[in-house]
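What follows is entry_19.txt (compact mmCIF, C-alpha atoms).
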```txt
# COMPACT_ATOMS: atom_id res chain seq x y z
CA MET A 25 -9.69 3.05 11.79
CA PRO A 26 -11.34 6.48 11.61
CA ASP A 27 -9.17 9.56 11.40
CA LEU A 28 -9.47 10.96 14.92
CA THR A 29 -8.07 14.46 15.19
CA PRO A 30 -5.79 15.40 18.09
CA SER A 31 -8.58 17.57 19.51
CA THR A 32 -10.77 14.49 20.04
CA VAL A 33 -11.21 13.80 23.75
CA VAL A 34 -10.13 10.30 24.71
CA ASN A 35 -12.75 9.01 27.13
CA SER A 36 -12.42 6.25 29.68
CA LEU A 37 -13.97 2.88 28.98
CA SER A 38 -16.85 3.63 31.36
CA GLN A 39 -17.53 6.95 29.61
CA ASN A 40 -17.50 5.20 26.22
CA LEU A 41 -19.89 2.52 27.49
CA ALA A 42 -22.24 5.26 28.69
CA LEU A 43 -22.06 6.91 25.26
CA LEU A 44 -22.87 3.63 23.49
CA LYS A 45 -25.79 3.05 25.86
CA SER A 46 -27.15 6.52 25.00
CA TYR A 47 -27.43 5.35 21.37
CA SER A 48 -29.16 2.12 22.38
CA CYS A 49 -32.81 2.63 21.69
CA LEU A 50 -35.50 1.70 19.22
CA THR A 51 -34.60 4.37 16.68
CA VAL A 52 -31.32 5.33 15.09
CA LYS A 53 -29.77 8.29 16.85
CA VAL A 54 -27.62 10.26 14.43
CA PRO A 55 -24.60 12.18 15.75
CA ALA A 56 -25.34 15.89 15.48
CA SER A 57 -21.80 16.99 14.62
CA THR A 58 -18.45 15.72 13.39
CA THR A 59 -17.18 15.81 16.98
CA GLU A 60 -20.07 13.63 18.17
CA LYS A 61 -19.53 11.25 15.23
CA GLU A 62 -15.82 10.89 16.06
CA ALA A 63 -16.60 10.36 19.76
CA LEU A 64 -19.09 7.61 18.86
CA GLN A 65 -16.60 5.97 16.48
CA GLN A 66 -13.92 6.07 19.17
CA ALA A 67 -16.32 4.67 21.79
CA ILE A 68 -17.34 1.75 19.57
CA ILE A 69 -13.72 0.95 18.74
CA GLN A 70 -12.58 1.06 22.37
CA VAL A 71 -15.47 -1.02 23.70
CA CYS A 72 -15.07 -3.60 20.92
CA GLN A 73 -11.31 -3.81 21.50
CA ALA A 74 -12.00 -4.51 25.18
CA SER A 75 -14.51 -7.24 24.27
CA GLU A 76 -13.56 -10.78 23.38
CA TYR A 77 -15.58 -10.66 20.16
CA GLU A 78 -18.71 -9.10 18.67
CA ASN A 79 -21.81 -10.00 16.77
CA LEU A 80 -22.76 -7.26 14.32
CA GLY A 81 -26.40 -7.15 13.26
CA ILE A 82 -27.22 -4.97 10.27
CA CYS A 83 -30.75 -4.07 9.22
CA ALA A 84 -30.72 -2.54 5.75
CA ASP A 85 -32.95 -1.93 2.72
CA ARG A 86 -30.73 -3.94 0.36
CA LEU A 87 -27.95 -6.50 0.42
CA ASP A 88 -25.32 -4.14 -1.05
CA VAL A 89 -25.96 -1.58 1.70
CA ALA A 90 -25.69 -4.28 4.39
CA ILE A 91 -22.43 -5.64 2.98
CA THR A 92 -20.86 -2.19 2.54
CA THR A 93 -21.85 -1.27 6.09
CA LEU A 94 -20.51 -4.53 7.52
CA ASN A 95 -17.20 -4.16 5.69
CA GLN A 96 -16.79 -0.55 6.90
CA TYR A 97 -17.47 -1.53 10.53
CA LEU A 98 -15.13 -4.54 10.29
CA ALA A 99 -12.33 -2.39 8.87
CA ALA A 100 -12.84 0.27 11.56
CA LEU A 101 -12.67 -2.41 14.25
CA GLY A 102 -9.41 -3.74 12.81
CA TYR A 103 -10.68 -6.93 11.17
CA THR A 104 -9.16 -7.84 7.82
CA GLY A 105 -11.97 -10.09 6.57
CA GLN A 106 -14.48 -8.72 4.09
CA LEU A 107 -17.82 -10.13 2.96
CA ASP A 108 -18.58 -10.36 -0.75
CA SER A 109 -22.07 -10.21 -2.26
CA SER A 110 -21.27 -13.03 -4.69
CA ILE A 111 -21.91 -15.61 -1.96
CA PHE A 112 -25.57 -14.58 -1.67
CA PRO A 113 -28.39 -15.72 -3.95
CA GLU A 114 -29.56 -13.02 -6.38
CA SER A 115 -33.04 -13.28 -4.88
CA LYS A 116 -31.78 -11.45 -1.76
CA GLU A 117 -30.22 -8.56 -3.65
CA TYR A 118 -33.05 -6.01 -3.52
CA GLU A 119 -35.06 -6.94 -0.45
CA PRO A 120 -34.71 -5.65 3.11
CA ILE A 121 -32.18 -7.82 4.92
CA TYR A 122 -30.89 -8.65 8.36
CA LEU A 123 -27.21 -9.57 8.18
CA LYS A 124 -25.55 -10.96 11.29
CA PHE A 125 -21.79 -11.35 11.48
CA ASN A 126 -19.80 -13.13 14.20
CA THR A 127 -16.26 -11.74 14.49
CA GLN A 128 -15.00 -14.75 16.45
CA LYS A 129 -15.90 -17.27 13.75
CA MET A 130 -15.83 -14.72 10.91
CA SER A 131 -19.13 -16.18 9.80
CA HIS A 132 -22.44 -14.70 8.77
CA TYR A 133 -26.15 -15.38 8.69
CA SER A 134 -28.76 -13.49 6.70
CA ASP A 135 -32.51 -13.43 6.48
CA ARG A 136 -35.27 -11.34 4.99
CA TYR A 137 -36.03 -8.42 7.31
CA GLU A 138 -39.59 -7.21 7.78
CA GLY A 139 -38.87 -4.60 10.47
CA THR A 140 -38.72 -0.86 9.99
CA TYR A 141 -35.42 -0.15 11.75
CA ARG A 142 -32.31 0.51 9.72
CA GLY A 143 -28.98 0.51 11.46
CA VAL A 144 -26.31 -1.54 13.18
CA LEU A 145 -26.54 -3.44 16.45
CA ILE A 146 -23.32 -4.48 18.15
CA ALA A 147 -23.49 -7.30 20.68
CA CYS A 148 -20.23 -7.32 22.64
CA GLN A 149 -19.30 -10.70 24.06
CA SER A 150 -17.19 -10.64 27.19
CA GLU A 151 -16.91 -12.32 30.56
CA ASP A 152 -16.73 -8.77 31.96
CA GLN A 153 -20.40 -8.04 32.56
CA THR A 154 -19.82 -4.28 32.33
CA LEU A 155 -18.82 -4.76 28.67
CA ALA A 156 -21.20 -7.53 27.64
CA GLY A 157 -24.34 -6.22 26.02
CA THR A 158 -26.05 -5.11 22.86
CA TYR A 159 -25.63 -1.52 21.72
CA GLY A 160 -27.30 0.40 18.93
CA TYR A 161 -28.91 0.98 16.49
CA PHE A 162 -25.97 2.93 15.09
CA PRO A 163 -26.08 4.68 11.71
CA LEU A 164 -25.33 2.50 8.69
CA ASP A 165 -22.86 5.09 7.38
CA LEU A 166 -21.06 5.79 10.66
CA PHE A 167 -17.73 4.48 9.34
CA ALA A 168 -18.25 5.45 5.70
CA PRO A 169 -15.34 7.38 4.17
CA SER A 170 -15.93 11.12 4.29
```
Would you mind giving the structure from this file in structure tokens?
Amino acid sequence: MPDLTPSTVVNSLSQNLALLKSYSCLTVKVPASTTEKEALQQAIIQVCQASEYENLGICADRLDVAITTLNQYLAALGYTGQLDSSIFPESKEYEPIYLKFNTQKMSHYSDRYEGTYRGVLIACQSEDQTLAGTYGYFPLDLFAPS
């Protein structure tokens, strides 16, 4: 979980949903400050904790970037599972990739990615229709250690 300082404002679930929706567009919106980054991290964590499970979709230039990003997001969201690059064919190592991960089944799917976007999509699965939805693209390095 990210190190949230005591000065970080704890928003309500509806405020955090609104923040996630503001990042949901066709381009990656990068937080302009450490405070904005922490607020976004907190919003993602709270919304995901309120969801039943998530599908994480990562669009990256290379397999190692996608796996590192996935593992950082999973750790931040409290999941203990990690994905290892050894399970992928070497042919996928240096090509743009779409990596999808289902946190309910702890399973993944990958495919060559021809698009130009780079970032993370989070599809929250919930019977609560205010939570259910796809959010992002979020920065690949949002949960990277500082």
Review point. If we count only C-alpha atoms, what is near range 152-169 of chain A at a cut-off of 9 Å, once residues fewer than 6 positions away on the same chain are taken out, given as a ChimeraX atom specification?
Key: /A:25-26,38,41,44-55,61,64-65,71-72,74-75,79,82-84,89-90,92-94,96-97,99-100,141-146
Exercise for review: Have a look at A:Leu87, A:Leu123, A:Leu80, A:Leu37 and name the one nearest to Gln66 in chain A; count only C-alpha atoms.
Suggested key: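 Between A:Leu87, A:Leu123, A:Leu80, A:Leu37, the residue approaching Gln66 in chain A most closely is A:Leu37.
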**Study point:** CA of Ala63 in chain A to CA of Gly81 in chain A, distance in Å rounded to a single decimal
**Key:**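 Atom-to-atom, CA of Ala63 in chain A to CA of Gly81 in chain A, that is 21.1 Å.
What separates CA of Leu43 in chain A from CA of Leu107 in chain A is a distance of 28.4 Å.
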Return as AutoDock Vina command-line options the centre and edge lengths, in Å with one decimal, of the box along x, y and z that encloses every atom of range 40-55 of chain A in the file, padded by 8 Å per side.
```
--center_x -26.5 --center_y 6.9 --center_z 21.6 --size_x 34.0 --size_y 26.5 --size_z 30.3
```
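Computed from the coordinates, the CA of Glu138 in chain A to CA of Glu117 in chain A distance equals 14.8 Å.
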Point to revise | Spatial neighbours of Tyr77 in chain A, 8 Å, only C-alpha atoms, chain gap at least 3 places, as a PyMOL selection string | key: chain A and resi 72+126-128+148-150
Exercise for review: Name the residues within 9 Å of (-30.0, -14.6, 11.2), counting all atoms listed in the file in the file's coordinates, and put them as a ChimeraX atom specification.
Suggested key: /A:81,122-125,132-136
Practice item. Within 9 Å of Tyr118 in chain A, counting all atoms listed in the file, which residues show up once you throw out same-chain ones fewer than 4 positions away? Write them as a ChimeraX atom specification, please. Key: /A:85-88,114
Exercise for review: Return the single residue from A:Gly105, A:Asn95, A:Ala56, A:Ser170 that is closest to Lys129 in chain A, with distances computed using all atoms listed in the file.
Suggested key: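 Residue with the minimum atom-to-atom distance to Lys129 in chain A: A:Gly105.
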Check your understanding: Using only C-alpha atoms, which residue out of A:Asn40, A:Pro120, A:Asp108, A:Glu78 lies closest to Ala147 in chain A?
Key ->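 So, comparing all the options, the nearest one is A:Glu78.
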Practice item. Would you mind telling me which residue in A:Gln70, A:Ser57, A:Thr140, A:Ser131 lies nearest to Leu101 in chain A when using all atoms listed in the file? Key: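 With all atoms listed in the file as the atom set, the closest residue is A:Gln70.
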Only N, CA and C atoms, please: range 42-75 of chain A from the block, as a PDB file, in the first residue's frame.
```
ATOM      1  N   ALA A  42     -15.436  10.027  -8.431  1.00  0.00           N
ATOM      2  CA  ALA A  42     -15.365  11.202  -9.312  1.00  0.00           C
ATOM      3  C   ALA A  42     -13.928  11.458  -9.743  1.00  0.00           C
ATOM      4  N   LEU A  43     -12.973  11.278  -8.831  1.00  0.00           N
ATOM      5  CA  LEU A  43     -11.565  11.463  -9.179  1.00  0.00           C
ATOM      6  C   LEU A  43     -11.132  10.433 -10.222  1.00  0.00           C
ATOM      7  N   LEU A  44     -11.496   9.176 -10.026  1.00  0.00           N
ATOM      8  CA  LEU A  44     -11.130   8.141 -10.998  1.00  0.00           C
ATOM      9  C   LEU A  44     -11.752   8.444 -12.357  1.00  0.00           C
ATOM     10  N   LYS A  45     -12.983   8.896 -12.372  1.00  0.00           N
ATOM     11  CA  LYS A  45     -13.647   9.226 -13.639  1.00  0.00           C
ATOM     12  C   LYS A  45     -12.947  10.383 -14.345  1.00  0.00           C
ATOM     13  N   SER A  46     -12.346  11.298 -13.582  1.00  0.00           N
ATOM     14  CA  SER A  46     -11.641  12.427 -14.206  1.00  0.00           C
ATOM     15  C   SER A  46     -10.371  11.972 -14.923  1.00  0.00           C
ATOM     16  N   TYR A  47      -9.872  10.784 -14.565  1.00  0.00           N
ATOM     17  CA  TYR A  47      -8.692  10.223 -15.226  1.00  0.00           C
ATOM     18  C   TYR A  47      -9.088   9.281 -16.366  1.00  0.00           C
ATOM     19  N   SER A  48     -10.372   9.084 -16.552  1.00  0.00           N
ATOM     20  CA  SER A  48     -10.859   8.136 -17.548  1.00  0.00           C
ATOM     21  C   SER A  48     -11.085   8.847 -18.874  1.00  0.00           C
ATOM     22  N   CYS A  49     -10.104   8.721 -19.721  1.00  0.00           N
ATOM     23  CA  CYS A  49     -10.162   9.366 -21.025  1.00  0.00           C
ATOM     24  C   CYS A  49      -9.262   8.600 -21.992  1.00  0.00           C
ATOM     25  N   LEU A  50      -9.061   9.132 -23.146  1.00  0.00           N
ATOM     26  CA  LEU A  50      -8.280   8.429 -24.155  1.00  0.00           C
ATOM     27  C   LEU A  50      -6.775   8.618 -24.021  1.00  0.00           C
ATOM     28  N   THR A  51      -6.350   9.519 -23.185  1.00  0.00           N
ATOM     29  CA  THR A  51      -4.921   9.713 -22.974  1.00  0.00           C
ATOM     30  C   THR A  51      -4.618   9.559 -21.483  1.00  0.00           C
ATOM     31  N   VAL A  52      -3.376   9.281 -21.184  1.00  0.00           N
ATOM     32  CA  VAL A  52      -2.978   9.138 -19.791  1.00  0.00           C
ATOM     33  C   VAL A  52      -2.850  10.526 -19.178  1.00  0.00           C
ATOM     34  N   LYS A  53      -3.585  10.736 -18.102  1.00  0.00           N
ATOM     35  CA  LYS A  53      -3.495  11.976 -17.352  1.00  0.00           C
ATOM     36  C   LYS A  53      -2.517  11.722 -16.205  1.00  0.00           C
ATOM     37  N   VAL A  54      -1.483  12.521 -16.130  1.00  0.00           N
ATOM     38  CA  VAL A  54      -0.455  12.328 -15.119  1.00  0.00           C
ATOM     39  C   VAL A  54      -0.707  13.290 -13.959  1.00  0.00           C
ATOM     40  N   PRO A  55      -0.714  12.772 -12.713  1.00  0.00           N
ATOM     41  CA  PRO A  55      -0.879  13.666 -11.570  1.00  0.00           C
ATOM     42  C   PRO A  55       0.204  14.745 -11.578  1.00  0.00           C
ATOM     43  N   ALA A  56      -0.214  15.975 -11.312  1.00  0.00           N
ATOM     44  CA  ALA A  56       0.687  17.119 -11.409  1.00  0.00           C
ATOM     45  C   ALA A  56       1.563  17.312 -10.173  1.00  0.00           C
ATOM     46  N   SER A  57       1.238  16.648  -9.085  1.00  0.00           N
ATOM     47  CA  SER A  57       2.006  16.835  -7.850  1.00  0.00           C
ATOM     48  C   SER A  57       1.969  15.546  -7.037  1.00  0.00           C
ATOM     49  N   THR A  58       2.800  15.510  -6.007  1.00  0.00           N
ATOM     50  CA  THR A  58       2.810  14.357  -5.103  1.00  0.00           C
ATOM     51  C   THR A  58       1.458  14.224  -4.415  1.00  0.00           C
ATOM     52  N   THR A  59       0.856  15.335  -4.043  1.00  0.00           N
ATOM     53  CA  THR A  59      -0.455  15.309  -3.394  1.00  0.00           C
ATOM     54  C   THR A  59      -1.511  14.711  -4.312  1.00  0.00           C
ATOM     55  N   GLU A  60      -1.497  15.113  -5.584  1.00  0.00           N
ATOM     56  CA  GLU A  60      -2.451  14.550  -6.551  1.00  0.00           C
ATOM     57  C   GLU A  60      -2.189  13.056  -6.768  1.00  0.00           C
ATOM     58  N   LYS A  61      -0.921  12.674  -6.814  1.00  0.00           N
ATOM     59  CA  LYS A  61      -0.566  11.258  -6.996  1.00  0.00           C
ATOM     60  C   LYS A  61      -1.085  10.435  -5.820  1.00  0.00           C
ATOM     61  N   GLU A  62      -0.873  10.913  -4.602  1.00  0.00           N
ATOM     62  CA  GLU A  62      -1.337  10.193  -3.415  1.00  0.00           C
ATOM     63  C   GLU A  62      -2.862  10.115  -3.376  1.00  0.00           C
ATOM     64  N   ALA A  63      -3.536  11.196  -3.780  1.00  0.00           N
ATOM     65  CA  ALA A  63      -5.001  11.190  -3.811  1.00  0.00           C
ATOM     66  C   ALA A  63      -5.508  10.164  -4.825  1.00  0.00           C
ATOM     67  N   LEU A  64      -4.854  10.082  -5.979  1.00  0.00           N
ATOM     68  CA  LEU A  64      -5.251   9.103  -6.989  1.00  0.00           C
ATOM     69  C   LEU A  64      -4.989   7.686  -6.493  1.00  0.00           C
ATOM     70  N   GLN A  65      -3.840   7.449  -5.884  1.00  0.00           N
ATOM     71  CA  GLN A  65      -3.540   6.126  -5.319  1.00  0.00           C
ATOM     72  C   GLN A  65      -4.614   5.734  -4.301  1.00  0.00           C
ATOM     73  N   GLN A  66      -4.925   6.649  -3.410  1.00  0.00           N
ATOM     74  CA  GLN A  66      -5.922   6.398  -2.366  1.00  0.00           C
ATOM     75  C   GLN A  66      -7.287   6.119  -2.995  1.00  0.00           C
ATOM     76  N   ALA A  67      -7.654   6.875  -4.017  1.00  0.00           N
ATOM     77  CA  ALA A  67      -8.954   6.690  -4.671  1.00  0.00           C
ATOM     78  C   ALA A  67      -9.040   5.307  -5.310  1.00  0.00           C
ATOM     79  N   ILE A  68      -7.992   4.907  -6.017  1.00  0.00           N
ATOM     80  CA  ILE A  68      -7.978   3.589  -6.655  1.00  0.00           C
ATOM     81  C   ILE A  68      -8.101   2.494  -5.599  1.00  0.00           C
ATOM     82  N   ILE A  69      -7.337   2.603  -4.542  1.00  0.00           N
ATOM     83  CA  ILE A  69      -7.370   1.588  -3.485  1.00  0.00           C
ATOM     84  C   ILE A  69      -8.755   1.501  -2.867  1.00  0.00           C
ATOM     85  N   GLN A  70      -9.361   2.634  -2.535  1.00  0.00           N
ATOM     86  CA  GLN A  70     -10.674   2.615  -1.887  1.00  0.00           C
ATOM     87  C   GLN A  70     -11.746   2.045  -2.808  1.00  0.00           C
ATOM     88  N   VAL A  71     -11.748   2.477  -4.059  1.00  0.00           N
ATOM     89  CA  VAL A  71     -12.765   1.993  -4.996  1.00  0.00           C
ATOM     90  C   VAL A  71     -12.581   0.493  -5.248  1.00  0.00           C
ATOM     91  N   CYS A  72     -11.350   0.046  -5.398  1.00  0.00           N
ATOM     92  CA  CYS A  72     -11.100  -1.388  -5.611  1.00  0.00           C
ATOM     93  C   CYS A  72     -11.465  -2.215  -4.384  1.00  0.00           C
ATOM     94  N   GLN A  73     -11.212  -1.687  -3.190  1.00  0.00           N
ATOM     95  CA  GLN A  73     -11.585  -2.411  -1.974  1.00  0.00           C
ATOM     96  C   GLN A  73     -13.102  -2.542  -1.851  1.00  0.00           C
ATOM     97  N   ALA A  74     -13.830  -1.563  -2.373  1.00  0.00           N
ATOM     98  CA  ALA A  74     -15.285  -1.602  -2.322  1.00  0.00           C
ATOM     99  C   ALA A  74     -15.872  -2.496  -3.421  1.00  0.00           C
ATOM    100  N   SER A  75     -15.085  -2.805  -4.430  1.00  0.00           N
ATOM    101  CA  SER A  75     -15.524  -3.675  -5.525  1.00  0.00           C
ATOM    102  C   SER A  75     -15.403  -5.133  -5.114  1.00  0.00           C
TER     103      SER A  75
END
```
